Amino acid sequence: MGDRKVDQNGPMRVLVTGGTGLVGRAIEHVVKEEGGAREGEEWIFLSSKDANLMDMGETRAVFQKHQPTHIIHLAAMVGGLFKNMRANLDFWRNNIYINDNVLQAAHEVDAVRVVSCLSTCIFPDKTTYPIDETMIHNGPPHESNYGYAYAKRMIDVHNRAYHQKHGRCYTAVIPTNVFGPHDNFNIEDGHVLPGLIHKAYIAQKEGSPLVVWGSGTPRRQFIYSLDLAHLFLWVLREYHEVDPIILSVGEEDEVSIKEAAEAVVEALGFKGQVTYDTTKSDGQFKKTASNAKLLQHHPNFTFTPFKQALKQTCDWFVANYDNARKSRQTPKTPPEMDSNLRIGFIGAGNTAYGIAKGVLQPGVGGVGHPFLCRAGQ
C-alpha cells in the first residue's frame with residue numbers, strides 16, 4: 001500500500017470505472033447536470049481507452065495517476081441472455097480479472113470506499129421469493145449465465161476478505177434490470193429492454209412485425225439508470241456496511257416481458273404486428289427481489305414510473321440513433337493467468353469447497369455476518 005494517508009472527512013476524489021457505459025453516463029449526468037457533486041469533490045470517469053482493467057499493470061497505473069479516495073466500480077464484461085449462453089468462460093475469466101485488479105489497486109492507493117455493481121442474476125436459480133441480500137451464496141445461479149454470475153458473486157467474497165484482513169469498507173450494490181439512455185441497444189447481445197426498443201424501431205421503419213424472443217412470460221423488475229445513479233451517490237456517502245444492498249423498485253412493480261414489449265410499442269407508437277418466437281430461450285423465469293433493506297435505510301426515495309422512464313429512453317434512442325451503441329462489443333483478451341491473480345476466499349478448505357459446489361453457506365469463514373464500517377468510511 002502507498003504512503004498516502006487519506007483524509008476521510010475531506011472532499012472526495014471519485015473514480016468511476018466503466019464511466020462511459022449505461023450507469024456511468026447516468027452518474028455523470030446526475031453529478032454534472034443535476035448538481036449531484038458537492039463542493040470540492042472531483043469526479044473522474046474512466047473508459048476502456050484509459051486502461052485495460054484486465055491488466056494489473058494498467059489498472060495500478062491509472063489508480064496511481066488519479067489517487068482516488070472513493071471508487072464506483074462499474075466496469076465489466078456484460079451482455080444479454082444469448083451472449084451469456086455463448087461465452088460463459090469469457091464472462092468468468094474477464095470479470096474475475098477486472099474485479100480483482102480494481103479492488104487490489106483501490107487498496108494500494110488507500111481508497112476509503114469502493115462501491116461495486118453486482119446483478120440479481122447472481123442469486124440461486126432454485127430459491128424462494130422474494131430474494132434478499134442474505135441469499136446470494138445459497139445455491140448455484142441459473143445455468144445460462146453461471147460464468148458472469150459466479151464472477152460477480154466473488155466481489156462479495158472479495159469485499160469481506162478485504163474487511164477481514166485490512167478493515168476496508170468496500171461494498172456492493174445489486175440493481176435489478178437497468179435501462180436508460182446510453183444503453184447497449186444491440187439486438188443479439190444487449191439486454192431485453194434495449195433489444196426490444198431497437199427491434200421495434202427497425203420494425204416500425206421497415207413496416208415489418210416486431211418479433212419478441214421467447215414466450216413473453218418471464219418477469220423482471222426494471223430500474224431507470226438515472227434513479228440508480230442517485231442511489232449510487234447515496235450508497236457512496238451514506239451506506240456504511242460491507243454487506244451488499246439490493247437497489248430495486250418494489251415487488252409490485254415487476255412486469256412480464258410481454259408487458260414490457262407492449263410498453264415499448266406504446267412508447268414508440270409502433271402500429272405493426274407483435275409476435276413471439278417461442279423457439280428462443282426464456283432464460284430464468286423470475287428474479288423477484290426485495291427492496292426492504294433499501295426502504296429501511298432510505299425510505300423516502302421515489303422511483304421514476306416505468307412507462308415514463310421507458311418513454312424517455314425511447315425518445316433518447318430515436319434522437320441519438322446514429323450514435324447509440326448498437327454493435328457487438330469485442331472484449332480485450334485478458335493476460336495469462338499468473339500469480340498476480342488474487343481471488344479472495346475467506347477461510348480455508350471448507351469455504352473454497354463450498355464456493356466450488358455453488359453453495360457458500362452463511363457463517364462459513366465469516367460470510368453472512370454483518371460487517372459495519374465506521375462513520376466516514
# chains A, B, ... in the order shown; residues from 1 in each chain; ligands from 1
>>> closest_atom_pairs(of="stretch 95-135 of chain A", to="stretch 285-298 of chain A", cutoff="6 Å", atoms="only C-alpha atoms", output="Markdown table")
| residue | atom | partner | partner_atom | distance |
| --- | --- | --- | --- | --- |
| A:Pro130 | CA | A:Ala289 | CA | 5.0 |
| A:Ile131 | CA | A:Ala289 | CA | 4.7 |
| A:Asp132 | CA | A:Ser290 | CA | 5.5 |
>>> residues_around(residues="A:Thr302", least_positions_apart="6", cutoff="12 Å", atoms="only C-alpha atoms", output="mmCIF file with N, CA and C atoms, in the first residue's frame")
data_model
loop_
_atom_site.group_PDB
_atom_site.id
_atom_site.type_symbol
_atom_site.label_atom_id
_atom_site.label_comp_id
_atom_site.auth_asym_id
_atom_site.auth_seq_id
_atom_site.Cartn_x
_atom_site.Cartn_y
_atom_site.Cartn_z
ATOM 1 N N ILE A 223 -35.158 -0.967 -13.353
ATOM 2 C CA ILE A 223 -34.820 0.279 -12.666
ATOM 3 C C ILE A 223 -34.194 1.243 -13.668
ATOM 4 N N TYR A 224 -34.658 2.461 -13.661
ATOM 5 C CA TYR A 224 -34.180 3.500 -14.582
ATOM 6 C C TYR A 224 -32.767 3.914 -14.181
ATOM 7 N N LEU A 226 -31.101 6.647 -14.289
ATOM 8 C CA LEU A 226 -30.940 7.882 -13.529
ATOM 9 C C LEU A 226 -31.358 7.699 -12.078
ATOM 10 N N ASP A 227 -32.366 6.867 -11.830
ATOM 11 C CA ASP A 227 -32.716 6.536 -10.441
ATOM 12 C C ASP A 227 -31.563 5.793 -9.777
ATOM 13 N N LEU A 228 -30.993 4.841 -10.496
ATOM 14 C CA LEU A 228 -29.870 4.078 -9.949
ATOM 15 C C LEU A 228 -28.679 4.988 -9.673
ATOM 16 N N HIS A 230 -28.706 8.156 -8.741
ATOM 17 C CA HIS A 230 -28.957 8.843 -7.466
ATOM 18 C C HIS A 230 -28.701 7.904 -6.288
ATOM 19 N N LEU A 231 -29.100 6.657 -6.423
ATOM 20 C CA LEU A 231 -28.899 5.695 -5.337
ATOM 21 C C LEU A 231 -27.419 5.355 -5.155
ATOM 22 N N SER A 248 -33.661 -1.599 -6.027
ATOM 23 C CA SER A 248 -34.725 -2.063 -6.914
ATOM 24 C C SER A 248 -36.037 -1.376 -6.609
ATOM 25 N N VAL A 249 -36.879 -1.349 -7.630
ATOM 26 C CA VAL A 249 -38.279 -0.999 -7.408
ATOM 27 C C VAL A 249 -38.919 -2.119 -6.596
ATOM 28 N N GLY A 250 -40.126 -1.924 -6.140
ATOM 29 C CA GLY A 250 -40.794 -2.916 -5.310
ATOM 30 C C GLY A 250 -41.264 -4.131 -6.090
ATOM 31 N N LEU A 294 -33.367 -1.493 1.362
ATOM 32 C CA LEU A 294 -33.257 -0.134 0.829
ATOM 33 C C LEU A 294 -34.281 0.785 1.477
ATOM 34 N N LEU A 295 -35.522 0.323 1.564
ATOM 35 C CA LEU A 295 -36.567 1.161 2.159
ATOM 36 C C LEU A 295 -36.309 1.437 3.629
#
>>> atom_distance(atom1="atom CA of A:Asn186", atom2="atom CA of A:Lys199")
9.2 Å
>>> residues_around(residues="A:Ser119", least_positions_apart="5", cutoff="9 Å", atoms="only C-alpha atoms", output="count of residues only")
9
>>> select_by_dssp(residues="stretch 186-321 of chain A", states="alpha helix (DSSP H)", output="ChimeraX atom specification")
/A:192-206,225-238,257-268,292-297,306-319
